[in-house]
Every structure is written in C-alpha cells, then in structure tokens.
Amino acid sequence: MNPTAQRLQTSSLSPDTAILRHRQWAGEPWLGEIKAGQTLRIVDLEGNQAVDVLFYNRHDVAEHYSATDTIQQQGGIYLTTGSRLLSNLKRPMLEIVADTCGRHDTLGGACSAESNTVRYALQKKFMHSCRDNFLHALALADIGLSKRDLVPNINFFMNVPVTESGGLKFEDGVSAPGKYVEMRAAMDLWMLASNCPQLNNPCNAYNPTPVEILVWDH
Amino acid sequence: MDAPQVWRQFAPDLPAEKVLWSEIIPGGSHASWLLARGTALRLVALDPSVNCSVVLYALPPAQERYNMPDSLKAQHTAHYTRGHVLMSDMGRAIASITQDSLGWHDPLGSLLDTATMQDRYGAHRYEQHRNAMHRSGRDGLLIEIGKYGLGARDLIAPVNFFSKVSVDEEGRFHFAHQHAPEGASVEVRMDMDVLIALSCAPHAFDSHPVYRPGRVGIAAWRMGPAPADDYCRNHCPENQRAHYNSDRFAAR
C-alpha cells in the first residue's frame, strides 16, 4: 500500500448513536474535548468547505499536532484513511479510520488577516480569518494556549497538490456534499477548529458553509 | 586578538569592509545568532552532501516566527531559491533568498530526530565518541532556541538549505541524493531583526547509511535592507506586500 494515495473508506457508525451531533456555523471557531478511544467525524455538509483543525494533548498543551512530523513519518503529504496524526513528540494523537473524501491537506496552513494582506491585497486585512477565529476561541477558553501554539494545521476537505517541479497549487476541492472524515483519538485532546471563513480563494468555493461534528464513545 | 577571516576562503567576492564575521560550522553542529535587519548570511557548502536546517524568529523571540505554510502558499511554491521570501506568521518578510547557486532548498522535510538518527547510524554517545558524537537536528535546534527562552512547543518547521525533497503525483516524498556539490552557496538577507538558529545534522530523509554531515561556511555581512528595486521584493506581488509590511514594521 503506498503511503499517500486516496484511500476511500466508509464508516459503520450510525449518527443515531453519537454522543455529540454539532452543527458548526459557517465561518466560526469551535473548541471541544475529545477523549482517548472516542471517534470523531467531520461532515462537509454542502461540499468544498475547508475545516482548519489543530489538536493538543489535554494534559500537556505544549504537545501539539505536528504537520511536519506527520508527513515525514508517512513519507508523503496527503492525509487519508490510515494516516496517523502525530504530535511534535512524534506520538500518535489520532488515526484516520474512515474517509469518503480521500485527500486532506496539511501544508496550506490557516488563513490570517496578516497573510491575507500578502496573498490578496493590503485592504483584505479586515476580512475574517481562521487564525483570528483560533485566537478568539483560545482567549475565551483560557486553557493555557496562545498564538505561539498556532502551528501548521490540518485543512480537512482541502486539496493542495505539490508538483514534481516544486510548485504548490490550490485546486478545487475533491470533496462534495455529505463527504466525511473520521478519526479515532489515541489520547485526550483539545480540538481547535475554524470552519474557514476565507472568501478570497476556491477552498470554500467562495461560499463558506456549515459542517457537522460528531463524536462517538467508541 | 585577530578574528578569523575564514570568509576569504569560501566567499572571497564579499566586500571586505562590510563583512561582520565568519566561521565554519562543523558537520552535525549547531549555532545561533541575533542579527539586525539588513544583515545577510552567506552559507557555503564546504563538503558534498551538506544539510543546514534553519529556523527564524523575529526579535524579541516570543511570538512572531517564520511560517512555512504562509510562505509556501503566498508564493505557490514547495521549494525555495533566489527571489523567494521567508514570511512570518504576521504577514511580513522575515528573510529573503538573495543569491542561490543551487535552485532548490527544502521547506518540507523537517528535522532528523534522535530515534531515527540512532536507527540509521547507531548510537554515538559522548562517552565513547567525545566530540564526534552524533546529535540530531531537532536536538541541536532545541538547544539553540533554548538559549533565548524558547522550548519544544516553539520549534517550527525549518528550511533545510542544500537539501532537495520533491513530491510525486501520489504525494510521496523523494530525497535527492548528492544534490548540493561542494562549493554550493546560498545567501539569506534578514528583513527583520531576528534570532536565527541552525543545525548541520543530516537531513531526515537522507537514507545514506554512513553518517557524513558536511561543514558549512558562514559569513555575515552588512547588505542593507531591501531597496525598492530588490529582486526578492519584486519577485511577485505577494512578496512586494510582505516587504511593505516589514518596512512599515521597521519604521515603527
């Protein structure tokens, strides 16, 4: 099995048995607890909605999801079924156990007011962004996390191919309405998410939409 | 005391009156400096198969730092060469690559860790090997940034100068063996006041079974901040705006 090709896998879990079914507003952040052994599903309700996510060890928030350790360990850049999401201590935080989308990005980072000035125009500074969302959620939660902890994240449902000549492309999503990704937690976690409000690139098809977050106890 | 003028050996074209200092980093070793905006570092591979992992933090080194995703997506690139700008997470140019003899430096491959290093080369501890002991790139950088109060949670994705990692259609990494010849050079200009730390440990994807990290010659010189007609600044509109943001910050 090659390490990074699309590996489509459906789940047998029924939403009826989930302990959490949360409709996440378009464009807004979400901070939640995921316990070791629980299963987390994110559903792209309307299609092509990037969901920017970071995970932290709930008992030691200095341990965070690490994009570089994750892609280094699996030998490739795309996340899909079987990908183990590693921390900066190279410990598994979660493993993707089902994926009907087939490809998720962890190189593209999260949009910010400041990077919007660079990527689009100086005047875009006042548009809403994922990193402002992250900071907002962390300020309200007061759990010992701050800007220094906003490391390179996962962009679920986002497609950012790298070419063999070393280019980076933002392509239309490979996602569609109802596609989902599911992962099992290997430790107690904080999940910090921003349902991306970016209006300047096709990662949300220029139309940010709600997503659903589900959690099962097994 | 006479400061060693080693830059004359590996970067003789530099203007002597502008050279601040120079030194040779032994293979596998690590170092760090505080550098002012407008200072340039010339890095020269003094052996074949050199790797030089670099991390950058804006001063004071508390919150603002080089950001790999922001830099890559702003320039639609997955490698660095002349003209590219290393951007901070605050939308500013933190450093620019002003010269490059090589054409590809790696932003994706991250750092060699100690477990991987010992699997590959065996354990080489101080007790048996003294200064020929092995230290991973990750541990070397943790030591360096620790000198400024930063810890493991602050360790960022580095730029691996002199290394090339390409990505195929399936997303898999491919490490280019023998990418950098002896004498390859790259120059990085600081566009903010920075803490820069580096490790010359082998690249994480360098599967060659022999531990053979190369030496890197480093010369710091006063290039001055990016002028209006700077090549990196004008490489693309995104770089113009990142430099504009840095100019504004420097004028505070």
# chains A, B, ... in the order shown; residues from 1 in each chain; ligands from 1
>>> interface_residues(of="chain B", to="chain A", cutoff="6 Å", atoms="only C-alpha atoms", output="list in words")
Gln63, Pro69, Ala74, His76, Thr77, Ala78, His79, Met90, Gly91, Ser110, Arg153, Ser166, Val167, Asp168, Glu170, Gly171, Arg172, Phe173, Glu238, Arg241 and Ala242 of chain B
>>> residues_around(residues="B:Phe205", least_positions_apart="5", cutoff="8 Å", atoms="only C-alpha atoms", output="PyMOL selection string")
chain B and resi 109+112+175
>>> write_last_selection(atoms="N, CA and C atoms", output="PDB file, in the first residue's frame")
ATOM      1  N   GLY B 109      10.848  18.799   4.570  1.00  0.00           N
ATOM      2  CA  GLY B 109      11.353  17.555   5.156  1.00  0.00           C
ATOM      3  C   GLY B 109      11.562  17.580   6.652  1.00  0.00           C
ATOM      4  N   LEU B 112      15.722  15.790  11.423  1.00  0.00           N
ATOM      5  CA  LEU B 112      16.126  14.471  11.896  1.00  0.00           C
ATOM      6  C   LEU B 112      15.939  14.431  13.414  1.00  0.00           C
ATOM      7  N   PHE B 175      13.823  12.091  -1.753  1.00  0.00           N
ATOM      8  CA  PHE B 175      15.016  12.842  -1.357  1.00  0.00           C
ATOM      9  C   PHE B 175      16.061  12.739  -2.457  1.00  0.00           C
TER      10      PHE B 175
END
>>> select_by_dssp(residues="stretch 6-185 of chain B", states="alpha helix (DSSP H)", output="ChimeraX atom specification")
/B:7-10,68-75,114-121,126-129,137-146
>>> write_last_selection(atoms="C-alpha atoms", output="CSV table (one decimal), in the first residue's frame")
chain,number,residue,atom,x,y,z
B,7,TRP,CA,35.2,34.1,4.7
B,8,ARG,CA,38.1,34.8,2.4
B,9,GLN,CA,38.4,31.1,1.8
B,10,PHE,CA,34.8,30.4,0.8
B,68,MET,CA,6.2,27.5,6.4
B,69,PRO,CA,2.6,27.3,5.2
B,70,ASP,CA,2.2,31.1,4.8
B,71,SER,CA,5.4,31.3,2.9
B,72,LEU,CA,4.7,28.4,0.5
B,73,LYS,CA,1.1,29.4,-0.3
B,74,ALA,CA,1.8,33.1,-0.8
B,75,GLN,CA,4.4,32.2,-3.5
B,114,THR,CA,17.3,11.2,17.7
B,115,ALA,CA,15.4,7.9,17.4
B,116,THR,CA,15.6,8.0,13.6
B,117,MET,CA,19.3,9.0,13.8
B,118,GLN,CA,20.2,6.1,16.1
B,119,ASP,CA,18.2,3.6,13.9
B,120,ARG,CA,20.2,4.8,10.9
B,121,TYR,CA,23.7,5.3,12.2
B,126,TYR,CA,29.7,11.4,24.1
B,127,GLU,CA,31.1,8.8,26.4
B,128,GLN,CA,32.5,6.7,23.6
B,129,HIS,CA,33.0,9.4,20.9
B,137,GLY,CA,18.9,18.3,14.0
B,138,ARG,CA,15.9,18.5,16.3
B,139,ASP,CA,18.0,18.3,19.5
B,140,GLY,CA,20.6,20.8,18.1
B,141,LEU,CA,17.9,23.3,17.4
B,142,LEU,CA,16.1,22.8,20.7
B,143,ILE,CA,19.4,23.6,22.5
B,144,GLU,CA,19.9,26.7,20.4
B,145,ILE,CA,16.4,28.2,20.8
B,146,GLY,CA,16.5,27.3,24.4
>>> atom_distance(atom1="atom CA of B:Ser29", atom2="atom CA of B:Leu198")
8.5 Å
>>> closest_residue(among="B:Tyr57, B:Leu46, B:Asp113, B:Arg37", to="B:Tyr148", atoms="only C-alpha atoms")
B:Tyr57
>>> select_by_dssp(residues="chain A", states="strand (DSSP E or B)", output="PyMOL selection string")
chain A and resi 9+20-24+29-34+39-44+51-57+64-65+76+79+84-87+92-99+104-105+154-156+162+167-168+179-185+189-195+211-216
>>> residues_around(residues="stretch 156-158 of chain A", least_positions_apart="6", cutoff="12 Å", atoms="only C-alpha atoms", output="ChimeraX atom specification")
/A:41-54,78-80,96,99-110,169-183,193-196,201-205,211
>>> residues_around(residues="A:Trp30", least_positions_apart="3", cutoff="12 Å", atoms="only C-alpha atoms", output="ChimeraX atom specification")
/A:22-27,33,51-55,130,133-138,140-141,190-196,210-213
>>> atom_distance(atom1="atom CA of A:Ala36", atom2="atom CA of A:Ile19")
14.4 Å
>>> atom_distance(atom1="atom CA of B:Gly38", atom2="atom CA of B:His243")
12.3 Å
>>> residues_around(residues="B:Val159", least_positions_apart="6", cutoff="7 Å", atoms="only C-alpha atoms", output="PyMOL selection string")
chain B and resi 53-55+106-107
>>> decode(residues="stretch 46-125 of chain A", atoms="C-alpha atoms", output="tab-separated table (two decimals), in the first residue's frame")
chain	number	residue	atom	x	y	z
A	46	GLU	CA	-22.59	21.26	1.50
A	47	GLY	CA	-19.24	20.42	-0.14
A	48	ASN	CA	-15.86	22.10	-0.63
A	49	GLN	CA	-15.75	23.55	2.88
A	50	ALA	CA	-12.26	23.71	4.39
A	51	VAL	CA	-12.18	22.94	8.11
A	52	ASP	CA	-8.94	24.12	9.75
A	53	VAL	CA	-8.08	21.97	12.77
A	54	LEU	CA	-5.38	21.70	15.44
A	55	PHE	CA	-5.15	19.15	18.23
A	56	TYR	CA	-3.45	19.50	21.63
A	57	ASN	CA	-2.76	16.99	24.40
A	58	ARG	CA	-5.33	17.99	27.01
A	59	HIS	CA	-2.98	17.08	29.88
A	60	ASP	CA	0.05	18.91	28.44
A	61	VAL	CA	-0.92	21.56	25.93
A	62	ALA	CA	2.73	22.03	24.93
A	63	GLU	CA	2.23	18.85	22.91
A	64	HIS	CA	0.50	19.79	19.67
A	65	TYR	CA	-0.36	18.30	16.31
A	66	SER	CA	2.67	18.44	14.05
A	67	ALA	CA	2.16	18.61	10.29
A	68	THR	CA	5.86	18.10	9.61
A	69	ASP	CA	6.24	15.05	11.86
A	70	THR	CA	3.07	13.56	10.40
A	71	ILE	CA	4.10	13.88	6.75
A	72	GLN	CA	7.71	12.94	7.48
A	73	GLN	CA	6.64	9.73	9.23
A	74	GLN	CA	4.24	8.65	6.48
A	75	GLY	CA	6.59	9.69	3.69
A	76	GLY	CA	4.03	11.83	1.87
A	77	ILE	CA	1.96	14.96	2.12
A	78	TYR	CA	-1.70	13.93	1.87
A	79	LEU	CA	-3.87	12.76	4.76
A	80	THR	CA	-6.43	9.98	4.26
A	81	THR	CA	-7.54	6.67	5.78
A	82	GLY	CA	-4.65	5.12	7.70
A	83	SER	CA	-2.81	8.38	8.25
A	84	ARG	CA	-1.64	8.71	11.82
A	85	LEU	CA	-1.76	12.27	13.06
A	86	LEU	CA	1.40	12.73	15.12
A	87	SER	CA	2.34	15.27	17.75
A	88	ASN	CA	5.55	17.27	17.91
A	89	LEU	CA	6.77	14.48	20.23
A	90	LYS	CA	6.07	12.01	17.39
A	91	ARG	CA	3.30	10.34	19.37
A	92	PRO	CA	0.04	9.37	17.65
A	93	MET	CA	-2.77	11.73	18.59
A	94	LEU	CA	-5.40	10.27	16.25
A	95	GLU	CA	-5.66	7.91	13.31
A	96	ILE	CA	-7.92	8.47	10.35
A	97	VAL	CA	-10.18	5.39	10.24
A	98	ALA	CA	-12.69	6.41	7.57
A	99	ASP	CA	-12.63	8.91	4.74
A	100	THR	CA	-15.10	9.35	1.91
A	101	CYS	CA	-13.29	12.41	0.56
A	102	GLY	CA	-9.88	10.79	0.09
A	103	ARG	CA	-7.47	13.67	0.42
A	104	HIS	CA	-6.88	16.30	3.08
A	105	ASP	CA	-4.21	18.98	3.23
A	106	THR	CA	-1.73	19.78	5.96
A	107	LEU	CA	0.66	22.12	4.10
A	108	GLY	CA	-1.63	25.06	3.33
A	109	GLY	CA	-1.90	26.43	6.86
A	110	ALA	CA	-4.67	28.63	8.19
A	111	CYS	CA	-5.65	31.96	6.72
A	112	SER	CA	-5.00	35.08	8.78
A	113	ALA	CA	-5.68	38.79	8.50
A	114	GLU	CA	-1.95	39.36	8.04
A	115	SER	CA	-1.37	36.69	5.40
A	116	ASN	CA	-4.44	37.94	3.54
A	117	THR	CA	-2.64	41.27	3.11
A	118	VAL	CA	0.24	39.38	1.50
A	119	ARG	CA	-1.70	36.94	-0.64
A	120	TYR	CA	-4.54	39.13	-1.92
A	121	ALA	CA	-4.34	42.85	-1.14
A	122	LEU	CA	-3.46	45.14	1.76
A	123	GLN	CA	-7.14	46.06	2.08
A	124	LYS	CA	-8.11	42.43	2.86
A	125	LYS	CA	-6.80	42.81	6.41
